[in-house]
There are 2 protein chains.
Amino acid sequence: MRIALAQINTVVGDLDGNRDHILATLHEAEEGGADLACFPELSLCGYPPEDLLLKKDFLAACSESLEILAREVGDTAVLVGIPYLAEDIFNAAAIIHRGKVTAVYRKSFLPNYGVFDENRYFAAGEEGLVVKVAGVRVGITVCEDIWYAGGPVEAEVARGGAEVVVNISSSPYHRGKCGIRESLLQSRAADSMAIIAYVNCVGGQDELVFDGGSMILHPRRGKLAASPYFVEHILYCDVDTTGLWAQKMTRPIHRYMRQGALRRPVRVLELDGQRGPSQGERPHLPIQDIKELAQEEEVLQALLLGLRDYVRKNGFTDVMFGLSGGIDSALTAALAAMALGPEHVHGVFLPSRFTSQVSGEGTLSLVKALGISLETYDIDGILESYLGQVNASLQGPGRDVALENLQARIRGNVLMNISNSRGWLVLATGNKSELSMGYCTLYGDMAGGYAVIKDLLKSEVYRLSRFVNEREGREVIPSIILEREPSAELREGQKDSDSLPPYEVLDPILEDYIENGLTLDEMAGRGYDRELVEDVVRRVDANEYKRRQAPVGIKISPRAFGRDWRLPISVHRNRGS
Amino acid sequence: MRIALAQINTVVGDLDGNRDHILATLHEAEEGGADLACFPELSLCGYPPEDLLLKKDFLAACSESLEILAREVGDTAVLVGIPYLAEDIFNAAAIIHRGKVTAVYRKSFLPNYGVFDENRYFAAGEEGLVVKVAGVRVGITVCEDIWYAGGPVEAEVARGGAEVVVNISSSPYHRGKCGIRESLLQSRAADSMAIIAYVNCVGGQDELVFDGGSMILHPRRGKLAASPYFVEHILYCDVDTTGLWAQKMTRPIHRYMRQGALRRPVRVLELDGQRGPSQGERPHLPIQDIKELAQEEEVLQALLLGLRDYVRKNGFTDVMFGLSGGIDSALTAALAAMALGPEHVHGVFLPSRFTSQVSGEGTLSLVKALGISLETYDIDGILESYLGQVNASLQGPGRDVALENLQARIRGNVLMNISNSRGWLVLATGNKSELSMGYCTLYGDMAGGYAVIKDLLKSEVYRLSRFVNEREGREVIPSIILEREPSAELREGQKDSDSLPPYEVLDPILEDYIENGLTLDEMAGRGYDRELVEDVVRRVDANEYKRRQAPVGIKISPRAFGRDWRLPISVHRNRGS
């Protein structure tokens, strides 16, 4: 039995476009001699559709699109993810064969944590499904179904005799997740004594990036085949169940599961007269050598794909941003040039009296190294005009802060002028350390439609910048920028370290508090200064109001400031202490 | 049995403050001779705590606070809402009596739609609880538990013999919900043949307002007692179960439920030696005459409470906003003056060459009528300075739009100058019609920490403004403002109707699409012009990116642009057509 796992990039809501893309990929898989072609979770409508799922006409259009798709399906059976409206709404996988939707599997485990809200939309399925394809019993599961032991996978093996379990996923990326996922899938294969065929989607959607990384895992022989990460790909595998039965009998999990807690029914179905092309006629499968990505490369690819897809899927061609001569805007610029090509990338330098010479020099070398365009506007005259015309608006105990913010906002205005007059997307350049601590200006440096590096701590910004230089084998990001001390340059001689702990001290605390969810006691136990930790936590909590108005950006960490961070703005400030 | 329903206003995360407030209220209820004092859902920690519930130390602090509270509880039993960490996290109601937590009920129906994410945090309880208090069998439920027939209420009646069912809630307001809730509670009383004692919290929390409206309903005799809406209150009722048994026997739902699908176990518990003060010693209960609120009064109260609590709970004393001479900023000003007192309210008038005389006159009469302060800054000079200094940034096909937005952003900057230098909270003044259609400027008129009327359509803004004038018996909002044609005054002779359908045409479409969730076909069936509807829907969908950066504001409609609106930004634009 030859299986094809189609790791494709779809567009949320584009039912016609996604179906065309699925059909084109199916035809390729047919050429490739596949008996079964599998497409990701909800790939017919794009993932995650969020509240589109509450619209009755959207669900009806999805059903209609499935019917149209079915008419084009011949001998190569198709497994595709759809929202399925029956007695309730289900996150489903439809088996299509010879023009007909033969069966529909309903996802059972619905994630409702982190960035996921699936209980908001879906009811849970209660029945497994095993389909015999070219003589092989194939169990069907959707994403979360495979993440837990003793769940739908084992039920399909134990009660439906599945030899292969396909899992169609739309599993978003975060740093390190590729490795976690692979070891999890390997456990599931070993536990259930079934071959696992995992297909994930690829592409960016708002704050999420899907990394693909489809793979086929054997309970004993490990990874049989794998797709590359972050690109579209069809993964073929001739599923060989030889010896599986004997091995299964040496550790008969299926029998224990039957007598155990798992009472889930499983339906077994044989495709009508299904018969793939005989082995001899099929194209030979080349040996694939998929390299694991180094961590920095993984993060880099995620950022590039996330940015490229946000730009493309929202109909933009060009992006722009303020260049300050600092590391954050330099990395953002480098990422944009790599993602979109330098001819679509526009830097804007907005110096004031507080801008140092090194900022100008750094900006010029950066722009030259990247080959992007540069416009320069001095903002001092405009600042003077505010001071002359509306000086009274700046009177008060917070005048110094107000003046700093005003400079950032004038810069924001000029960027938005360019964006509004030319239709370019403004990228915000702030990092996660700043956004955590509120060391940023609403409507100033926070202005923009997309915030590429908002989920990278400052130390990660440095690490990735150095990696980009190494990878490219030249100073894409000039050392003059890499080596200077961080400063917002909003007053004479200002340094980040005037207002924040040094980043090498701050960032581990932020990571432990925000991403790892440690308590104050746990953090103190890790040797951080307790008073410092309390101060950091207080500032993170107090700046929720700023983050709530920040642009969306790419989730890279296990917990980003986006759908997976839902904290109140109004909250008692001394909660933690 | 005398029951006290304590409709209190708590602060999210303020465990000490909330406990003190509960204790003070309890002492009052003890004075009032209550056998049982009931406090709202999660009132010990404030509602909704959102992702605070994912913090282990927060949950531990809640448990600790419950223990401290318990020590102060004597003969008057207490029912209070807490997050409860056992084998999982539960949204629970603790029964406390004579220094001890006697039992904990776990909420069974967890709402995970609209603004609610309870599956994100809680596991569902599986057991009912009936407590005998002063000889009366009292069933315990939490909020959502009571919203559906054949659920926990009926189980406690059928299997635990409950005569009274208490429901502790934190049920957020939306327009018309008070009436819906009352008729629902009355059905539940009639269906189960039990007296329903419903206590809801009161107060504002970010985008939500809780309206209180606690009440006691008899299955046959209707409303026995009720709290006023939108204020703190203790509602007392001497629960009289006379005749209930006989009536129950004439329609023995409890027997059908026992033999029906409802197999839920219910635990029955008697409080140890519980004995309230004898009837004779207790203060006499005065007759309460609670008036239903007219719809406009209800909306007004919700806005005032929401604004007042956001300001107070976030540590502000004063608010400010731009006054344009238009109806939106005028209503916002009137609401702020009513909520906080005019001495804490500051208007800022920011005219340009496009500002008409009537805007200036209207602003002056408004400020005079309200008694709030006014500062005026002409923005033309600053605009000139942008045109002189950075004119090239405005070159492009979108120059006209960019110039309009720039004016709005200069105004935003001046407001933020004042806010940053003086510590006043900026209120954004935009309405829901604008925000739906994207007829507003990011970082311009959208700037602000709180958006008071963001969930009112333009026609509701007019309606409420007229209501405020009638209610106050004078022109709080001057007729010169009420009667002029809406304009953003960002270019010569501009009118809203140049860019938008007339509001009387637009608003019903927006209401049907956004709040009522109608499909295009359904809307066309209601007689709207199909092409117009398609255009409106397209514009609403396309402007999601703006709304994502909008400040939070008060939910008034069944579906506001907040936690209950989760649409993708990147979405295929022709989805609907």
# chains A, B, ... in the order shown; residues from 1 in each chain; ligands from 1
call {"tool": "closest_atom_pairs", "arguments": {"of": "chain B", "to": "chain A", "cutoff": "6 Å", "atoms": "only C-alpha atoms", "output": "tab-separated table"}}
result
residue	atom	partner	partner_atom	distance
B:Val12	CA	A:Val571	CA	5.1
B:Gly13	CA	A:His572	CA	5.1
B:Asp14	CA	A:His572	CA	5.0
B:Glu50	CA	A:Leu567	CA	5.7
B:Asp51	CA	A:Leu567	CA	5.3
B:Asp57	CA	A:Thr519	CA	5.9
B:Asn112	CA	A:Arg120	CA	5.4
B:Tyr113	CA	A:Arg120	CA	5.2
B:Arg120	CA	A:Tyr113	CA	5.2
B:Lys313	CA	A:Ser570	CA	5.9
B:Asn314	CA	A:Ser570	CA	5.6
B:Ile382	CA	A:Ser385	CA	5.7
B:Ser385	CA	A:Ile382	CA	5.7
B:Ser393	CA	A:Ile418	CA	4.9
B:Leu394	CA	A:Asn417	CA	5.3
B:Gly396	CA	A:Ser421	CA	4.6
B:Pro397	CA	A:Ser421	CA	5.7
B:Gly398	CA	A:Ser421	CA	3.7
B:Arg399	CA	A:Ser421	CA	4.6
B:Ala402	CA	A:Asn420	CA	5.0
B:Asn417	CA	A:Ala402	CA	5.4
B:Ile418	CA	A:Ser393	CA	4.9
B:Asn420	CA	A:Ala402	CA	5.0
B:Ser421	CA	A:Gly398	CA	3.7
B:Arg422	CA	A:Gly396	CA	5.0
B:Tyr443	CA	A:Tyr443	CA	5.1
B:Thr519	CA	A:Asp57	CA	5.9
B:Gln549	CA	A:Gln549	CA	4.3
B:Arg566	CA	A:Asp51	CA	5.4
B:Leu567	CA	A:Asp51	CA	5.3
B:Ser570	CA	A:Asn314	CA	5.6
B:Val571	CA	A:Val12	CA	5.1
B:His572	CA	A:Asp14	CA	5.0
B:Arg575	CA	A:Gly13	CA	5.8
call {"tool": "write_last_selection", "arguments": {"atoms": "C-alpha atoms", "output": "CSV table (one decimal), in the first residue's frame"}}
result
chain,number,residue,atom,x,y,z
B,12,VAL,CA,-9.7,40.3,40.2
B,13,GLY,CA,-6.6,39.0,42.0
B,14,ASP,CA,-7.2,41.0,45.2
B,50,GLU,CA,-8.6,34.3,33.1
B,51,ASP,CA,-5.0,32.9,32.9
B,57,ASP,CA,0.7,30.1,43.4
B,112,ASN,CA,-16.9,27.8,26.6
B,113,TYR,CA,-18.6,30.1,24.1
B,120,ARG,CA,-9.5,26.2,29.3
B,313,LYS,CA,-9.5,49.2,39.5
B,314,ASN,CA,-6.6,50.5,37.4
B,382,ILE,CA,2.0,70.8,13.6
B,385,SER,CA,5.4,71.1,10.1
B,393,SER,CA,6.6,60.5,3.3
B,394,LEU,CA,3.1,61.5,2.2
B,396,GLY,CA,1.8,58.1,-3.2
B,397,PRO,CA,-1.6,57.1,-4.5
B,398,GLY,CA,-3.0,57.1,-0.9
B,399,ARG,CA,-1.8,60.6,-0.1
B,402,ALA,CA,-2.7,59.5,4.6
B,417,ASN,CA,1.2,63.9,25.7
B,418,ILE,CA,-1.3,65.0,28.3
B,420,ASN,CA,1.7,60.6,29.9
B,421,SER,CA,2.6,63.9,31.6
B,422,ARG,CA,-0.3,64.0,33.9
B,443,TYR,CA,-3.1,55.4,16.6
B,519,THR,CA,-25.9,34.7,6.7
B,549,GLN,CA,-5.3,46.9,18.1
B,566,ARG,CA,-12.4,35.8,17.4
B,567,LEU,CA,-11.9,36.2,13.7
B,570,SER,CA,-5.5,36.7,7.3
B,571,VAL,CA,-8.6,35.4,5.6
B,572,HIS,CA,-9.6,35.0,2.0
B,575,ARG,CA,-15.3,34.3,1.4
call {"tool": "residues_around", "arguments": {"residues": "Tyr462 in chain B", "least_positions_apart": "3", "cutoff": "9 Å", "atoms": "only C-alpha atoms", "output": "ChimeraX atom specification"}}
result
/B:327-328,331,457-459,465-467,482
call {"tool": "atom_distance", "arguments": {"atom1": "CA of Glu72 in chain A", "atom2": "CA of His27 in chain A"}}
result
9.5 Å
call {"tool": "closest_residue", "arguments": {"among": "B:Ala77, B:Ile168, B:Ala451, B:Ile216", "to": "Gly562 in chain B", "atoms": "only C-alpha atoms"}}
result
B:Ala451
call {"tool": "select_by_dssp", "arguments": {"residues": "range 200-422 of chain B", "states": "alpha helix (DSSP H)", "output": "MDAnalysis selection string"}}
result
chainID B and resid 244:250 253:259 295:313 327:340 357:370 380:389 399:422
call {"tool": "select_by_dssp", "arguments": {"residues": "range 9-186 of chain A", "states": "strand (DSSP E or B)", "output": "ChimeraX atom specification"}}
result
/A:36-38,77-85,89-97,100-106,128-133,136-142,164-169,172
call {"tool": "write_last_selection", "arguments": {"atoms": "N, CA and C atoms", "output": "short mmCIF file (atom, residue, chain, number, x, y, z; two decimals), in the first residue's frame"}}
result
data_model
loop_
_atom_site.label_atom_id
_atom_site.label_comp_id
_atom_site.auth_asym_id
_atom_site.auth_seq_id
_atom_site.Cartn_x
_atom_site.Cartn_y
_atom_site.Cartn_z
N LEU A 36 -3.52 5.96 -1.26
CA LEU A 36 -4.20 6.86 -0.31
C LEU A 36 -3.41 8.15 -0.21
N ALA A 37 -4.09 9.29 -0.43
CA ALA A 37 -3.43 10.60 -0.28
C ALA A 37 -4.07 11.32 0.89
N CYS A 38 -3.24 11.76 1.84
CA CYS A 38 -3.77 12.35 3.08
C CYS A 38 -3.43 13.83 3.15
N ALA A 77 -7.60 6.88 -3.03
CA ALA A 77 -8.50 7.38 -1.99
C ALA A 77 -7.90 8.63 -1.35
N VAL A 78 -8.77 9.50 -0.85
CA VAL A 78 -8.33 10.76 -0.25
C VAL A 78 -8.82 10.84 1.19
N LEU A 79 -7.94 11.31 2.05
CA LEU A 79 -8.33 11.63 3.42
C LEU A 79 -8.09 13.11 3.61
N VAL A 80 -9.14 13.86 3.94
CA VAL A 80 -8.98 15.32 4.01
C VAL A 80 -9.74 15.88 5.22
N GLY A 81 -9.17 16.92 5.82
CA GLY A 81 -9.77 17.53 7.00
C GLY A 81 -10.80 18.58 6.65
N ILE A 82 -11.96 18.48 7.27
CA ILE A 82 -13.07 19.40 7.02
C ILE A 82 -13.84 19.70 8.31
N PRO A 83 -14.48 20.87 8.38
CA PRO A 83 -15.46 21.06 9.45
C PRO A 83 -16.74 20.38 8.99
N TYR A 84 -17.34 19.57 9.84
CA TYR A 84 -18.44 18.70 9.41
C TYR A 84 -19.67 18.98 10.26
N LEU A 85 -20.72 19.43 9.59
CA LEU A 85 -21.95 19.75 10.29
C LEU A 85 -22.91 18.58 10.20
N ILE A 89 -21.31 20.31 15.30
CA ILE A 89 -20.16 20.56 14.42
C ILE A 89 -18.99 19.68 14.88
N PHE A 90 -18.35 19.04 13.93
CA PHE A 90 -17.19 18.20 14.25
C PHE A 90 -15.98 18.63 13.44
N ASN A 91 -14.82 18.48 14.06
CA ASN A 91 -13.55 18.63 13.37
C ASN A 91 -13.27 17.25 12.78
N ALA A 92 -13.42 17.11 11.47
CA ALA A 92 -13.53 15.77 10.91
C ALA A 92 -12.51 15.47 9.82
N ALA A 93 -12.41 14.19 9.51
CA ALA A 93 -11.58 13.73 8.40
C ALA A 93 -12.48 12.90 7.50
N ALA A 94 -12.60 13.32 6.24
CA ALA A 94 -13.47 12.59 5.31
C ALA A 94 -12.62 11.65 4.47
N ILE A 95 -13.09 10.42 4.35
CA ILE A 95 -12.49 9.45 3.43
C ILE A 95 -13.29 9.53 2.13
N ILE A 96 -12.60 9.82 1.04
CA ILE A 96 -13.27 9.94 -0.25
C ILE A 96 -12.68 8.88 -1.20
N HIS A 97 -13.56 8.25 -1.95
CA HIS A 97 -13.07 7.25 -2.89
C HIS A 97 -14.05 7.14 -4.05
N LYS A 100 -17.11 9.44 -4.13
CA LYS A 100 -18.04 9.49 -2.99
C LYS A 100 -17.33 9.68 -1.65
N VAL A 101 -17.98 10.42 -0.76
CA VAL A 101 -17.51 10.48 0.61
C VAL A 101 -17.97 9.20 1.30
N THR A 102 -17.00 8.33 1.57
CA THR A 102 -17.32 6.99 2.05
C THR A 102 -17.57 6.96 3.55
N ALA A 103 -16.82 7.76 4.28
CA ALA A 103 -16.99 7.79 5.74
C ALA A 103 -16.38 9.08 6.27
N VAL A 104 -16.84 9.45 7.44
CA VAL A 104 -16.32 10.66 8.09
C VAL A 104 -15.91 10.31 9.52
N TYR A 105 -14.64 10.54 9.82
CA TYR A 105 -14.17 10.34 11.19
C TYR A 105 -14.25 11.68 11.93
N ARG A 106 -14.65 11.64 13.20
CA ARG A 106 -14.79 12.86 14.00
C ARG A 106 -13.70 12.92 15.08
N GLY A 128 -14.10 5.38 16.73
CA GLY A 128 -12.92 5.27 15.88
C GLY A 128 -13.30 4.82 14.48
N LEU A 129 -12.36 4.92 13.56
CA LEU A 129 -12.62 4.48 12.19
C LEU A 129 -11.37 3.81 11.62
N VAL A 130 -11.58 2.62 11.11
CA VAL A 130 -10.48 1.91 10.43
C VAL A 130 -10.96 1.58 9.02
N VAL A 131 -10.15 1.94 8.05
CA VAL A 131 -10.52 1.72 6.66
C VAL A 131 -9.50 0.77 6.04
N LYS A 132 -10.00 -0.24 5.35
CA LYS A 132 -9.06 -1.13 4.65
C LYS A 132 -8.72 -0.53 3.30
N VAL A 133 -7.47 -0.21 3.11
CA VAL A 133 -7.01 0.38 1.86
C VAL A 133 -5.96 -0.56 1.27
N VAL A 136 -4.65 -3.10 3.56
CA VAL A 136 -4.06 -2.70 4.84
C VAL A 136 -5.11 -1.97 5.68
N ARG A 137 -5.16 -2.32 6.97
CA ARG A 137 -6.12 -1.66 7.85
C ARG A 137 -5.55 -0.34 8.36
N VAL A 138 -6.18 0.75 7.94
CA VAL A 138 -5.68 2.09 8.25
C VAL A 138 -6.61 2.77 9.25
N GLY A 139 -6.09 3.08 10.42
CA GLY A 139 -6.87 3.82 11.41
C GLY A 139 -6.77 5.32 11.11
N ILE A 140 -7.85 6.04 11.40
CA ILE A 140 -7.89 7.48 11.11
C ILE A 140 -7.94 8.25 12.42
N THR A 141 -7.08 9.27 12.56
CA THR A 141 -7.15 10.16 13.73
C THR A 141 -6.84 11.58 13.26
N VAL A 142 -7.22 12.55 14.10
CA VAL A 142 -6.96 13.96 13.79
C VAL A 142 -6.16 14.58 14.93
N VAL A 164 -1.83 0.53 10.40
CA VAL A 164 -1.28 1.87 10.19
C VAL A 164 -2.28 2.84 10.80
N VAL A 165 -1.81 3.84 11.52
CA VAL A 165 -2.72 4.89 11.98
C VAL A 165 -2.27 6.21 11.35
N VAL A 166 -3.16 6.77 10.53
CA VAL A 166 -2.87 8.07 9.93
C VAL A 166 -3.34 9.16 10.88
N ASN A 167 -2.51 10.18 11.03
CA ASN A 167 -2.92 11.34 11.83
C ASN A 167 -2.81 12.58 10.96
N ILE A 168 -3.95 13.23 10.69
CA ILE A 168 -3.89 14.49 9.94
C ILE A 168 -3.90 15.63 10.95
N SER A 169 -2.92 16.51 10.82
CA SER A 169 -2.72 17.55 11.83
C SER A 169 -2.67 18.94 11.23
N PRO A 172 0.70 23.79 15.27
CA PRO A 172 1.56 24.96 15.13
C PRO A 172 2.93 24.77 15.75
#
call {"tool": "atom_distance", "arguments": {"atom1": "CA of Arg308 in chain A", "atom2": "CA of Ala369 in chain A"}}
result
20.5 Å
call {"tool": "residues_around", "arguments": {"residues": "Leu364 in chain B", "least_positions_apart": "2", "cutoff": "12 Å", "atoms": "only C-alpha atoms", "output": "VMD selection string"}}
result
chain B and resid 323 to 326 330 347 to 349 357 to 362 366 to 376 476 to 478 480 to 481
call {"tool": "write_last_selection", "arguments": {"atoms": "C-alpha atoms", "output": "PDB file, in the first residue's frame"}}
result
ATOM      1  CA  LEU B 323     -13.767  66.558  21.895  1.00  0.00           C
ATOM      2  CA  SER B 324     -14.562  66.985  18.225  1.00  0.00           C
ATOM      3  CA  GLY B 325     -17.925  68.698  18.425  1.00  0.00           C
ATOM      4  CA  GLY B 326     -19.490  65.409  17.307  1.00  0.00           C
ATOM      5  CA  ALA B 330     -20.051  64.346  23.487  1.00  0.00           C
ATOM      6  CA  GLY B 347     -11.931  67.529  27.401  1.00  0.00           C
ATOM      7  CA  VAL B 348      -9.368  68.477  24.770  1.00  0.00           C
ATOM      8  CA  PHE B 349     -10.435  70.341  21.660  1.00  0.00           C
ATOM      9  CA  GLN B 357     -17.547  76.754  13.622  1.00  0.00           C
ATOM     10  CA  VAL B 358     -20.351  74.577  14.849  1.00  0.00           C
ATOM     11  CA  SER B 359     -17.810  72.101  16.261  1.00  0.00           C
ATOM     12  CA  GLY B 360     -16.282  74.817  18.396  1.00  0.00           C
ATOM     13  CA  GLU B 361     -19.639  76.114  19.545  1.00  0.00           C
ATOM     14  CA  GLY B 362     -20.939  72.636  20.304  1.00  0.00           C
ATOM     15  CA  LEU B 366     -21.067  70.761  26.044  1.00  0.00           C
ATOM     16  CA  VAL B 367     -18.195  71.577  28.376  1.00  0.00           C
ATOM     17  CA  LYS B 368     -20.323  74.237  30.054  1.00  0.00           C
ATOM     18  CA  ALA B 369     -23.293  71.895  30.414  1.00  0.00           C
ATOM     19  CA  LEU B 370     -21.132  69.191  31.967  1.00  0.00           C
ATOM     20  CA  GLY B 371     -18.849  71.378  34.048  1.00  0.00           C
ATOM     21  CA  ILE B 372     -15.733  69.577  32.841  1.00  0.00           C
ATOM     22  CA  SER B 373     -12.392  71.212  32.016  1.00  0.00           C
ATOM     23  CA  LEU B 374     -11.319  72.106  28.501  1.00  0.00           C
ATOM     24  CA  GLU B 375      -7.975  72.603  26.837  1.00  0.00           C
ATOM     25  CA  THR B 376      -7.672  73.672  23.229  1.00  0.00           C
ATOM     26  CA  VAL B 476     -26.527  67.877  28.728  1.00  0.00           C
ATOM     27  CA  ILE B 477     -25.613  67.099  25.145  1.00  0.00           C
ATOM     28  CA  PRO B 478     -26.348  70.265  23.206  1.00  0.00           C
ATOM     29  CA  ILE B 480     -26.358  71.737  18.102  1.00  0.00           C
ATOM     30  CA  ILE B 481     -24.334  68.503  18.398  1.00  0.00           C
TER      31      ILE B 481
END
call {"tool": "atom_distance", "arguments": {"atom1": "CA of Asp507 in chain B", "atom2": "CA of Ser433 in chain B"}}
result
6.7 Å
call {"tool": "residues_around", "arguments": {"residues": "Gly493 in chain B", "least_positions_apart": "6", "cutoff": "12 Å", "atoms": "only C-alpha atoms", "output": "PyMOL selection string"}}
result
chain B and resi 353-356+485-487
call {"tool": "closest_residue", "arguments": {"among": "B:Val199, B:Val461, B:Cys45, B:Leu500", "to": "Leu66 in chain B", "atoms": "only C-alpha atoms"}}
result
B:Cys45
